[in-house]
file structure.cif (mmCIF, C-alpha atoms)
data_work
loop_
_atom_site.group_PDB
_atom_site.id
_atom_site.type_symbol
_atom_site.label_atom_id
_atom_site.label_comp_id
_atom_site.auth_asym_id
_atom_site.auth_seq_id
_atom_site.Cartn_x
_atom_site.Cartn_y
_atom_site.Cartn_z
ATOM 1 C CA MET A 1 -1.022 29.084 -13.012
ATOM 2 C CA SER A 2 -2.263 30.452 -9.685
ATOM 3 C CA ASN A 3 -0.243 31.706 -6.766
ATOM 4 C CA PRO A 4 0.142 29.063 -4.056
ATOM 5 C CA ALA A 5 -1.067 29.835 -0.553
ATOM 6 C CA PRO A 6 1.638 30.628 2.007
ATOM 7 C CA ILE A 7 3.232 27.770 3.946
ATOM 8 C CA THR A 8 3.288 28.004 7.733
ATOM 9 C CA TRP A 9 4.056 25.528 10.486
ATOM 10 C CA ARG A 10 3.669 24.976 14.190
ATOM 11 C CA ASP A 11 5.637 22.795 16.579
ATOM 12 C CA GLU A 12 3.528 20.594 18.851
ATOM 13 C CA GLU A 13 6.424 19.234 20.934
ATOM 14 C CA GLN A 14 6.587 15.653 19.661
ATOM 15 C CA SER A 15 5.313 16.560 16.205
ATOM 16 C CA PHE A 16 4.920 19.478 13.827
ATOM 17 C CA THR A 17 2.127 20.403 11.437
ATOM 18 C CA VAL A 18 2.582 22.221 8.131
ATOM 19 C CA SER A 19 -0.253 24.307 6.686
ATOM 20 C CA LEU A 20 -0.923 25.630 3.207
ATOM 21 C CA GLY A 21 -3.010 28.736 3.762
ATOM 22 C CA ASN A 22 -5.654 27.707 6.311
ATOM 23 C CA LEU A 23 -5.392 23.989 5.526
ATOM 24 C CA ASP A 24 -3.234 21.564 7.524
ATOM 25 C CA ILE A 25 -1.569 19.375 4.886
ATOM 26 C CA ALA A 26 0.988 17.321 6.837
ATOM 27 C CA THR A 27 1.756 16.301 10.394
ATOM 28 C CA TYR A 28 5.111 14.673 11.156
ATOM 29 C CA THR A 29 5.503 12.875 14.459
ATOM 30 C CA TYR A 30 9.242 13.101 15.007
ATOM 31 C CA ASP A 31 9.282 11.648 18.539
ATOM 32 C CA ALA A 32 7.090 8.542 18.349
ATOM 33 C CA THR A 33 5.843 6.773 21.467
ATOM 34 C CA ASP A 34 4.240 3.700 19.887
ATOM 35 C CA GLU A 35 4.456 0.254 21.435
ATOM 36 C CA GLN A 36 7.803 -1.537 21.044
ATOM 37 C CA ARG A 37 6.196 -4.257 18.914
ATOM 38 C CA GLU A 38 5.318 -1.549 16.369
ATOM 39 C CA SER A 39 8.970 -0.401 16.073
ATOM 40 C CA PRO A 40 8.485 3.228 17.185
ATOM 41 C CA ARG A 41 9.766 5.591 14.474
ATOM 42 C CA PRO A 42 8.897 8.981 12.987
ATOM 43 C CA PHE A 43 5.993 9.114 10.533
ATOM 44 C CA PHE A 44 3.781 11.436 8.490
ATOM 45 C CA HIS A 45 0.050 11.319 9.253
ATOM 46 C CA PRO A 46 -2.349 12.764 8.422
ATOM 47 C CA LEU A 47 -1.416 13.822 4.897
ATOM 48 C CA ARG A 48 -3.986 15.891 3.024
ATOM 49 C CA THR A 49 -4.424 17.148 -0.516
ATOM 50 C CA THR A 50 -5.022 20.813 -1.316
ATOM 51 C CA ALA A 51 -8.737 19.887 -1.427
ATOM 52 C CA GLY A 52 -8.525 18.690 2.177
ATOM 53 C CA GLU A 53 -8.786 14.955 1.448
ATOM 54 C CA THR A 54 -6.811 12.621 3.734
ATOM 55 C CA VAL A 55 -4.481 10.281 1.826
ATOM 56 C CA SER A 56 -2.805 8.336 4.639
ATOM 57 C CA ALA A 57 -3.726 5.737 7.250
ATOM 58 C CA TYR A 58 -2.491 5.334 10.818
ATOM 59 C CA ARG A 59 -2.474 1.995 12.707
ATOM 60 C CA PRO A 60 -4.923 0.152 10.401
ATOM 61 C CA TRP A 61 -6.335 -2.903 12.149
ATOM 62 C CA ASP A 62 -4.710 -5.352 9.726
ATOM 63 C CA HIS A 63 -1.180 -3.959 10.243
ATOM 64 C CA VAL A 64 -1.100 -1.587 13.213
ATOM 65 C CA TRP A 65 2.601 -0.889 12.571
ATOM 66 C CA HIS A 66 1.765 0.860 9.263
ATOM 67 C CA LYS A 67 2.020 4.626 9.881
ATOM 68 C CA GLY A 68 1.145 6.985 7.018
ATOM 69 C CA ILE A 69 4.514 7.525 5.337
ATOM 70 C CA ALA A 70 7.506 6.252 7.280
ATOM 71 C CA TRP A 71 11.088 5.108 6.701
ATOM 72 C CA SER A 72 10.802 1.458 7.751
ATOM 73 C CA LEU A 73 13.230 -1.458 7.361
ATOM 74 C CA PRO A 74 11.959 -4.963 8.237
ATOM 75 C CA HIS A 75 15.227 -6.874 7.728
ATOM 76 C CA PHE A 76 18.045 -4.837 9.227
ATOM 77 C CA GLY A 77 20.381 -7.691 9.997
ATOM 78 C CA GLU A 78 18.424 -9.771 12.511
ATOM 79 C CA ASP A 79 16.523 -6.680 13.685
ATOM 80 C CA ASN A 80 13.176 -5.283 12.604
ATOM 81 C CA PHE A 81 12.719 -1.520 12.211
ATOM 82 C CA TRP A 82 9.385 -1.989 10.431
ATOM 83 C CA GLY A 83 7.220 -3.317 13.231
ATOM 84 C CA GLY A 84 5.161 -6.440 13.670
ATOM 85 C CA PRO A 85 6.360 -10.019 13.179
ATOM 86 C CA SER A 86 9.496 -10.915 11.214
ATOM 87 C CA TYR A 87 9.584 -13.277 8.245
ATOM 88 C CA ARG A 88 12.020 -16.155 8.647
ATOM 89 C CA ARG A 89 12.928 -18.605 5.902
ATOM 90 C CA GLY A 90 10.942 -21.806 6.257
ATOM 91 C CA LYS A 91 9.104 -20.543 9.341
ATOM 92 C CA ASP A 92 6.780 -17.840 7.936
ATOM 93 C CA TYR A 93 6.120 -14.785 10.158
ATOM 94 C CA GLN A 94 7.117 -14.936 13.805
ATOM 95 C CA TRP A 95 6.829 -12.509 16.697
ATOM 96 C CA LEU A 96 10.418 -12.039 17.868
ATOM 97 C CA PRO A 97 12.044 -9.769 20.474
ATOM 98 C CA ASN A 98 13.698 -7.764 17.675
ATOM 99 C CA ASN A 99 11.538 -4.680 17.096
ATOM 100 C CA GLY A 100 13.886 -1.707 17.212
ATOM 101 C CA ARG A 101 13.271 1.974 17.828
ATOM 102 C CA MET A 102 14.307 5.084 15.877
ATOM 103 C CA LYS A 103 14.693 7.533 18.745
ATOM 104 C CA HIS A 104 14.528 11.284 18.172
ATOM 105 C CA GLU A 105 17.567 13.014 19.670
ATOM 106 C CA ARG A 106 17.330 16.690 18.749
ATOM 107 C CA ILE A 107 16.040 19.144 16.156
ATOM 108 C CA LEU A 108 18.824 20.545 13.997
ATOM 109 C CA GLU A 109 16.856 23.164 12.072
ATOM 110 C CA ALA A 110 13.266 24.121 11.383
ATOM 111 C CA GLY A 111 11.626 27.048 9.621
ATOM 112 C CA THR A 112 10.357 28.505 6.380
ATOM 113 C CA ASP A 113 12.004 30.329 3.502
ATOM 114 C CA ASP A 114 11.056 31.311 -0.053
ATOM 115 C CA ALA A 115 11.077 27.650 -1.095
ATOM 116 C CA GLY A 116 8.782 26.408 1.686
ATOM 117 C CA PHE A 117 9.237 24.616 5.003
ATOM 118 C CA HIS A 118 12.413 22.786 6.039
ATOM 119 C CA PHE A 119 13.188 20.575 9.027
ATOM 120 C CA SER A 120 16.019 18.281 10.053
ATOM 121 C CA HIS A 121 16.684 16.205 13.129
ATOM 122 C CA ALA A 122 19.099 13.663 14.559
ATOM 123 C CA LEU A 123 17.982 10.149 15.496
ATOM 124 C CA ALA A 124 19.589 7.136 17.157
ATOM 125 C CA TRP A 125 18.511 3.611 16.233
ATOM 126 C CA TRP A 126 18.365 1.124 19.101
ATOM 127 C CA THR A 127 17.634 -2.585 18.841
ATOM 128 C CA GLN A 128 15.128 -4.102 21.245
ATOM 129 C CA PRO A 129 17.943 -5.740 23.285
ATOM 130 C CA GLY A 130 19.546 -2.286 23.643
ATOM 131 C CA GLU A 131 22.315 -2.079 21.017
ATOM 132 C CA HIS A 132 22.922 1.341 19.427
ATOM 133 C CA VAL A 133 23.329 0.538 15.718
ATOM 134 C CA VAL A 134 22.689 3.713 13.695
ATOM 135 C CA ASP A 135 23.020 7.460 13.980
ATOM 136 C CA GLU A 136 20.791 9.190 11.452
ATOM 137 C CA VAL A 137 20.330 12.726 10.228
ATOM 138 C CA ARG A 138 16.985 13.179 8.489
ATOM 139 C CA ALA A 139 16.019 16.259 6.500
ATOM 140 C CA LEU A 140 12.616 17.215 5.103
ATOM 141 C CA ARG A 141 11.322 19.963 2.851
ATOM 142 C CA ILE A 142 7.720 20.764 1.953
ATOM 143 C CA SER A 143 6.857 23.084 -0.946
ATOM 144 C CA ALA A 144 3.666 24.119 -2.689
ATOM 145 C CA GLY A 145 2.991 23.119 -6.291
ATOM 146 C CA PRO A 146 2.792 25.769 -9.017
ATOM 147 C CA ASP A 147 -0.904 25.212 -9.807
ATOM 148 C CA ALA A 148 -2.352 25.119 -6.261
ATOM 149 C CA ASP A 149 -3.477 21.495 -6.735
ATOM 150 C CA SER A 150 -0.428 19.714 -5.315
ATOM 151 C CA TRP A 151 2.437 19.926 -2.877
ATOM 152 C CA THR A 152 5.739 18.090 -2.585
ATOM 153 C CA LEU A 153 7.684 16.512 0.258
ATOM 154 C CA VAL A 154 11.411 15.886 -0.157
ATOM 155 C CA PHE A 155 12.624 13.221 2.267
ATOM 156 C CA GLU A 156 16.332 12.562 2.841
ATOM 157 C CA THR A 157 17.908 10.140 5.273
ATOM 158 C CA ALA A 158 21.621 9.757 6.028
ATOM 159 C CA MET A 159 22.215 6.675 8.188
ATOM 160 C CA THR A 160 25.639 5.955 9.689
ATOM 161 C CA ASN A 161 26.414 2.438 10.885
ATOM 162 C CA VAL A 162 27.796 2.883 14.427
ATOM 163 C CA SER A 163 27.335 -0.758 15.476
ATOM 164 C CA GLY A 164 30.968 -1.695 14.923
ATOM 165 C CA HIS A 165 30.039 -4.497 12.484
ATOM 166 C CA ASP A 166 28.612 -4.873 8.991
ATOM 167 C CA ILE A 167 24.821 -5.117 8.730
ATOM 168 C CA HIS A 168 23.001 -6.843 5.864
ATOM 169 C CA ILE A 169 19.805 -5.018 4.873
ATOM 170 C CA GLY A 170 17.191 -7.048 3.030
ATOM 171 C CA SER A 171 13.484 -7.845 2.881
ATOM 172 C CA PRO A 172 11.101 -10.771 3.257
ATOM 173 C CA THR A 173 11.977 -11.631 -0.350
ATOM 174 C CA THR A 174 15.696 -11.907 0.377
ATOM 175 C CA GLU A 175 14.623 -14.142 3.290
ATOM 176 C CA GLY A 176 12.656 -16.387 0.929
ATOM 177 C CA ARG A 177 9.136 -14.930 0.530
ATOM 178 C CA GLU A 178 8.413 -14.395 -3.156
ATOM 179 C CA ASN A 179 7.624 -10.868 -4.392
ATOM 180 C CA ALA A 180 7.397 -9.378 -0.886
ATOM 181 C CA GLY A 181 10.419 -7.106 -0.959
ATOM 182 C CA TYR A 182 8.962 -4.247 1.047
ATOM 183 C CA GLY A 183 11.143 -1.910 3.075
ATOM 184 C CA GLY A 184 12.192 1.713 2.672
ATOM 185 C CA LEU A 185 9.988 4.807 2.367
ATOM 186 C CA PHE A 186 6.550 3.227 2.660
ATOM 187 C CA TRP A 187 3.100 4.780 2.185
ATOM 188 C CA ARG A 188 -0.100 3.218 3.540
ATOM 189 C CA GLY A 189 -3.246 4.627 2.005
ATOM 190 C CA PRO A 190 -6.712 5.069 3.518
ATOM 191 C CA ARG A 191 -9.097 2.104 3.527
ATOM 192 C CA GLU A 192 -11.224 3.687 0.779
ATOM 193 C CA PHE A 193 -8.274 3.504 -1.642
ATOM 194 C CA THR A 194 -8.527 -0.301 -1.733
ATOM 195 C CA GLY A 195 -8.818 -1.316 -5.370
ATOM 196 C CA GLY A 196 -7.276 1.943 -6.600
ATOM 197 C CA ARG A 197 -4.892 2.258 -9.539
ATOM 198 C CA ILE A 198 -1.138 1.666 -9.346
ATOM 199 C CA MET A 199 0.505 3.480 -12.273
ATOM 200 C CA GLY A 200 4.061 3.541 -13.605
ATOM 201 C CA PRO A 201 6.027 5.681 -16.052
ATOM 202 C CA ASP A 202 5.851 3.251 -18.968
ATOM 203 C CA GLY A 203 2.068 2.969 -19.125
ATOM 204 C CA ARG A 204 1.837 -0.248 -17.123
ATOM 205 C CA THR A 205 -0.694 -0.391 -14.326
ATOM 206 C CA GLY A 206 -1.688 -2.705 -11.509
ATOM 207 C CA GLU A 207 0.118 -5.080 -9.221
ATOM 208 C CA GLU A 208 2.320 -6.364 -12.047
ATOM 209 C CA LEU A 209 4.408 -3.310 -11.128
ATOM 210 C CA ARG A 210 5.328 -4.928 -7.807
ATOM 211 C CA GLY A 211 8.999 -5.791 -8.148
ATOM 212 C CA ALA A 212 9.410 -3.744 -11.327
ATOM 213 C CA ARG A 213 12.088 -1.073 -11.578
ATOM 214 C CA GLY A 214 11.337 2.533 -12.445
ATOM 215 C CA PRO A 215 12.192 6.120 -11.513
ATOM 216 C CA TRP A 216 8.755 6.742 -9.975
ATOM 217 C CA LEU A 217 5.431 5.132 -9.140
ATOM 218 C CA ALA A 218 1.984 6.557 -8.407
ATOM 219 C CA PHE A 219 -1.315 5.556 -6.826
ATOM 220 C CA VAL A 220 -4.707 7.050 -7.740
ATOM 221 C CA GLY A 221 -7.552 6.473 -5.291
ATOM 222 C CA GLN A 222 -11.126 7.621 -4.745
ATOM 223 C CA HIS A 223 -12.573 8.891 -1.484
ATOM 224 C CA ASP A 224 -15.764 7.931 0.257
ATOM 225 C CA ASP A 225 -18.318 10.677 0.927
ATOM 226 C CA THR A 226 -16.979 13.278 -1.554
ATOM 227 C CA CYS A 227 -16.200 10.718 -4.315
ATOM 228 C CA ARG A 228 -13.199 12.874 -5.270
ATOM 229 C CA PHE A 229 -9.955 11.375 -6.527
ATOM 230 C CA SER A 230 -6.450 11.964 -5.205
ATOM 231 C CA THR A 231 -2.990 11.037 -6.461
ATOM 232 C CA VAL A 232 0.190 10.111 -4.571
ATOM 233 C CA LEU A 233 3.462 9.874 -6.533
ATOM 234 C CA ILE A 234 6.902 8.965 -5.189
ATOM 235 C CA ALA A 235 10.080 9.596 -7.182
ATOM 236 C CA ASP A 236 13.519 8.145 -6.525
ATOM 237 C CA ASP A 237 16.569 10.399 -6.579
ATOM 238 C CA THR A 238 18.961 9.501 -9.417
ATOM 239 C CA ALA A 239 21.854 9.594 -6.910
ATOM 240 C CA ASN A 240 20.417 6.766 -4.791
ATOM 241 C CA ALA A 241 22.608 3.672 -4.928
ATOM 242 C CA GLN A 242 19.861 1.341 -6.173
ATOM 243 C CA HIS A 243 18.330 3.786 -8.702
ATOM 244 C CA PRO A 244 16.004 3.002 -10.353
ATOM 245 C CA PRO A 245 14.625 0.948 -7.471
ATOM 246 C CA GLU A 246 12.310 -1.987 -7.456
ATOM 247 C CA TRP A 247 8.892 -1.017 -6.077
ATOM 248 C CA PHE A 248 6.586 -2.682 -3.625
ATOM 249 C CA ALA A 249 2.937 -1.911 -4.391
ATOM 250 C CA ARG A 250 -0.504 -3.265 -3.575
ATOM 251 C CA SER A 251 -4.070 -2.161 -4.198
ATOM 252 C CA GLU A 252 -5.668 -5.273 -2.671
ATOM 253 C CA PRO A 253 -6.483 -5.987 0.135
ATOM 254 C CA PHE A 254 -5.293 -2.448 0.928
ATOM 255 C CA ALA A 255 -3.479 0.443 -0.733
ATOM 256 C CA CYS A 256 0.260 0.823 -0.205
ATOM 257 C CA PHE A 257 3.479 1.370 -2.116
ATOM 258 C CA GLY A 258 7.021 2.617 -1.906
ATOM 259 C CA PRO A 259 10.507 2.332 -3.379
ATOM 260 C CA ALA A 260 12.147 -0.816 -2.023
ATOM 261 C CA PRO A 261 15.932 -0.510 -2.442
ATOM 262 C CA PHE A 262 16.539 -3.865 -0.719
ATOM 263 C CA PHE A 263 13.707 -5.745 -2.480
ATOM 264 C CA SER A 264 15.479 -8.729 -4.039
ATOM 265 C CA LYS A 265 19.140 -8.382 -3.076
ATOM 266 C CA GLU A 266 20.714 -7.809 0.313
ATOM 267 C CA VAL A 267 22.881 -4.711 0.648
ATOM 268 C CA THR A 268 25.870 -4.731 2.978
ATOM 269 C CA PHE A 269 25.860 -1.674 5.235
ATOM 270 C CA ALA A 270 29.504 -1.568 6.264
ATOM 271 C CA ALA A 271 30.622 -0.548 9.742
ATOM 272 C CA GLY A 272 31.228 3.200 9.778
ATOM 273 C CA GLU A 273 29.539 3.736 6.391
ATOM 274 C CA THR A 274 26.965 6.493 5.792
ATOM 275 C CA MET A 275 24.090 5.523 3.508
ATOM 276 C CA VAL A 276 22.047 8.330 1.935
ATOM 277 C CA ASN A 277 18.625 7.922 0.295
ATOM 278 C CA ARG A 278 16.456 10.748 -1.077
ATOM 279 C CA TYR A 279 12.902 10.775 -2.398
ATOM 280 C CA ALA A 280 10.221 13.231 -3.462
ATOM 281 C CA VAL A 281 6.550 12.593 -2.660
ATOM 282 C CA VAL A 282 3.900 14.548 -4.562
ATOM 283 C CA ILE A 283 0.433 14.767 -2.999
ATOM 284 C CA ALA A 284 -2.037 15.919 -5.653
ATOM 285 C CA ASP A 285 -5.736 16.660 -5.780
ATOM 286 C CA GLY A 286 -7.703 14.886 -8.486
ATOM 287 C CA GLU A 287 -7.465 11.967 -10.862
ATOM 288 C CA SER A 288 -4.330 11.462 -12.963
ATOM 289 C CA GLY A 289 -3.627 9.870 -16.307
ATOM 290 C CA GLN A 290 -0.209 9.302 -17.837
ATOM 291 C CA GLU A 291 0.161 12.874 -19.086
ATOM 292 C CA ARG A 292 -0.529 14.412 -15.695
ATOM 293 C CA LEU A 293 1.625 11.851 -13.923
ATOM 294 C CA ALA A 294 4.530 12.816 -16.164
ATOM 295 C CA ARG A 295 4.061 16.440 -15.069
ATOM 296 C CA LEU A 296 3.915 15.454 -11.403
ATOM 297 C CA ALA A 297 7.053 13.350 -11.836
ATOM 298 C CA SER A 298 8.750 16.401 -13.360
ATOM 299 C CA LEU A 299 7.732 18.425 -10.290
ATOM 300 C CA ALA A 300 9.242 15.720 -8.104
ATOM 301 C CA ALA A 301 12.496 15.735 -10.063
ATOM 302 C CA ASP A 302 12.687 19.534 -9.826
ATOM 303 C CA ALA A 303 12.093 19.367 -6.072
ATOM 304 C CA LEU A 304 14.908 16.846 -5.662
ATOM 305 C CA ARG A 305 17.279 19.105 -7.589
ATOM 306 C CA GLN A 306 16.277 22.293 -5.794
ATOM 307 C CA ALA A 307 15.476 21.231 -2.229
ATOM 308 C CA GLY A 308 18.983 21.687 -0.857
ATOM 309 C CA VAL A 309 18.347 19.550 2.233
ATOM 310 C CA LYS A 310 21.435 18.847 4.309
ATOM 311 C CA ALA A 311 21.135 15.306 5.671
ATOM 312 C CA GLY A 312 23.982 13.946 3.597
ATOM 313 C CA ALA A 313 26.294 16.913 4.073
#
call {"tool": "encode", "arguments": {"input": "structure.cif", "output": "structure tokens"}}
result
Amino acid sequence: MSNPAPITWRDEEQSFTVSLGNLDIATYTYDATDEQRESPRPFFHPLRTTAGETVSAYRPWDHVWHKGIAWSLPHFGEDNFWGGPSYRRGKDYQWLPNNGRMKHERILEAGTDDAGFHFSHALAWWTQPGEHVVDEVRALRISAGPDADSWTLVFETAMTNVSGHDIHIGSPTTEGRENAGYGGLFWRGPREFTGGRIMGPDGRTGEELRGARGPWLAFVGQHDDTCRFSTVLIADDTANAQHPPEWFARSEPFACFGPAPFFSKEVTFAAGETMVNRYAVVIADGESGQERLARLASLAADALRQAGVKAGA
């Protein structure tokens, strides 16, 4: 076990960047200015391994509303906080005037301590027609791995329904599209990860894991130029209401995955209710088999127990 490099950060007004030693590992745009049709919302990009490899994509030509890692909900009642067209039963995808915005309001805390970097901010969700529907507190923590080959992001969101009415949260699958239950904390990988390996905790691999339930899921991809491998693993907190979640995952025609708590069944978000979801994302250098993935999942579980983020407080 080697000593991890120190974690530092710098604020760049609408975003911050976290560094591990001399390497920038994560940039979080907390005040997004994307086009309305892309549902402007905070996102992580670029994300880099400890070897300096980039493991995220931003505005890929096939889905310009995909942004690294972002909390994105395509079926929030009649509104779309995912970006792009909306799926409607019997009508396929349609461009509708329903792309909402997650608007940054203020930073609540930011800094480093012995455990790493921590940040939290307040957001207001506005529909495209101008209705204020959610107040959110989002908290993040980034920590270095024990062996200098990985780092972990803990992501927590606490959304409060301030619309004055119940909201049904679902997915294209709950709207009628089979096995397309995306929505939640969503990662879009670089183009070179196309055809990479989706891996689960029970030894299963591949796109058969789409729609399967499990405490974590991982993606192993290979980079152009260096031909190195990298691993991204996301773990669900055991306290999340839909734990273990169903997962949305693809390796063709592009790499993406994420826990999808509203995959196959709509969830009623009651007026005045606060909904909390927490996840740990491990970004690791190198290829991973089942034994290593189990260790990375253990790191994720430890991070969720120890992070002490305050979004749900």
call {"tool": "axis_aligned_box", "arguments": {"input": "structure.cif", "around": "stretch 236-250 of chain A", "padding_each_side": "8 Å", "output": "JSON"}}
result
{"center_x": 11.1, "center_y": 3.6, "center_z": -7.0, "size_x": 39.1, "size_y": 29.7, "size_z": 22.8}
call {"tool": "closest_atom_pairs", "arguments": {"input": "structure.cif", "of": "stretch 132-173 of chain A", "to": "stretch 232-236 of chain A", "cutoff": "12 Å", "atoms": "only C-alpha atoms", "output": "tab-separated table"}}
result
residue	atom	partner	partner_atom	distance
A:Ser150	CA	A:Val232	CA	9.7
A:Trp151	CA	A:Val232	CA	10.2
A:Thr152	CA	A:Leu233	CA	9.4
A:Leu153	CA	A:Ile234	CA	9.3
A:Val154	CA	A:Ala235	CA	9.5
A:Phe155	CA	A:Asp236	CA	10.2
A:Glu156	CA	A:Asp236	CA	10.7
call {"tool": "atom_distance", "arguments": {"input": "structure.cif", "atom1": "atom CA of A:Lys67", "atom2": "atom CA of A:Gly84"}}
result
12.1 Å
call {"tool": "residues_around", "arguments": {"input": "structure.cif", "residues": "A:Leu185", "least_positions_apart": "5", "cutoff": "6 Å", "atoms": "all atoms listed in the file", "output": "VMD selection string"}}
result
chain A and resid 70 to 71 258
call {"tool": "write_last_selection", "arguments": {"input": "structure.cif", "atoms": "C-alpha atoms", "output": "PDB file, in the coordinates of the input"}}
result
ATOM      1  CA  ALA A  70       7.506   6.252   7.280  1.00  0.00           C
ATOM      2  CA  TRP A  71      11.088   5.108   6.701  1.00  0.00           C
ATOM      3  CA  GLY A 258       7.021   2.617  -1.906  1.00  0.00           C
TER       4      GLY A 258
END
call {"tool": "atom_distance", "arguments": {"input": "structure.cif", "atom1": "atom CA of A:Leu293", "atom2": "atom CA of A:Gly203"}}
result
10.3 Å
call {"tool": "resolve_selection", "arguments": {"input": "structure.cif", "expression": "the PyMOL selection byres ((chain A and resi 297) around 12)", "output": "count of residues only"}}
result
39
call {"tool": "resolve_selection", "arguments": {"input": "structure.cif", "expression": "the PyMOL selection byres ((chain A and resi 65) around 7)", "output": "list in words"}}
result
Glu38, Arg59, His63, Val64, His66, Lys67, Gly83 and Gly84 of chain A
call {"tool": "residues_around", "arguments": {"input": "structure.cif", "residues": "stretch 264-276 of chain A", "least_positions_apart": "2", "cutoff": "8 Å", "atoms": "all atoms listed in the file", "output": "list in words"}}
result
Glu156, Thr157, Ala158, Met159, Thr160, Asn161, Val162, Ser163, Gly164, His165, Asp166, Ile167, His168, Ile169, Gly170, Ser171, Thr173, Thr174, Gly181, Asn240, Phe262, Arg278, Ala311 and Gly312 of chain A
call {"tool": "closest_residue", "arguments": {"input": "structure.cif", "among": "A:Leu20, A:Ala57, A:Ala26, A:Gly286", "to": "A:Asp149", "atoms": "only C-alpha atoms"}}
result
A:Gly286
call {"tool": "resolve_selection", "arguments": {"input": "structure.cif", "expression": "the PyMOL selection byres ((chain A and resi 23) around 10)", "output": "list in words"}}
result
Ala5, Ile7, Thr8, Val18, Ser19, Leu20, Gly21, Asn22, Asp24, Ile25, Ala26, Arg48, Thr49, Thr50, Ala51 and Gly52 of chain A
call {"tool": "write_last_selection", "arguments": {"input": "structure.cif", "atoms": "C-alpha atoms", "output": "PDB file, in the coordinates of the input"}}
result
ATOM      1  CA  ALA A   5      -1.067  29.835  -0.553  1.00  0.00           C
ATOM      2  CA  ILE A   7       3.232  27.770   3.946  1.00  0.00           C
ATOM      3  CA  THR A   8       3.288  28.004   7.733  1.00  0.00           C
ATOM      4  CA  VAL A  18       2.582  22.221   8.131  1.00  0.00           C
ATOM      5  CA  SER A  19      -0.253  24.307   6.686  1.00  0.00           C
ATOM      6  CA  LEU A  20      -0.923  25.630   3.207  1.00  0.00           C
ATOM      7  CA  GLY A  21      -3.010  28.736   3.762  1.00  0.00           C
ATOM      8  CA  ASN A  22      -5.654  27.707   6.311  1.00  0.00           C
ATOM      9  CA  ASP A  24      -3.234  21.564   7.524  1.00  0.00           C
ATOM     10  CA  ILE A  25      -1.569  19.375   4.886  1.00  0.00           C
ATOM     11  CA  ALA A  26       0.988  17.321   6.837  1.00  0.00           C
ATOM     12  CA  ARG A  48      -3.986  15.891   3.024  1.00  0.00           C
ATOM     13  CA  THR A  49      -4.424  17.148  -0.516  1.00  0.00           C
ATOM     14  CA  THR A  50      -5.022  20.813  -1.316  1.00  0.00           C
ATOM     15  CA  ALA A  51      -8.737  19.887  -1.427  1.00  0.00           C
ATOM     16  CA  GLY A  52      -8.525  18.690   2.177  1.00  0.00           C
TER      17      GLY A  52
END
call {"tool": "residues_near_point", "arguments": {"input": "structure.cif", "point": "(4.1, 14.5, 10.5)", "cutoff": "12 Å", "atoms": "only C-alpha atoms", "output": "ChimeraX atom specification"}}
result
/A:9-19,24-32,41-48,56,58,67-70,119,140-142,153,155
call {"tool": "atom_distance", "arguments": {"input": "structure.cif", "atom1": "atom CA of A:Tyr87", "atom2": "atom CA of A:Glu175"}}
result
7.1 Å
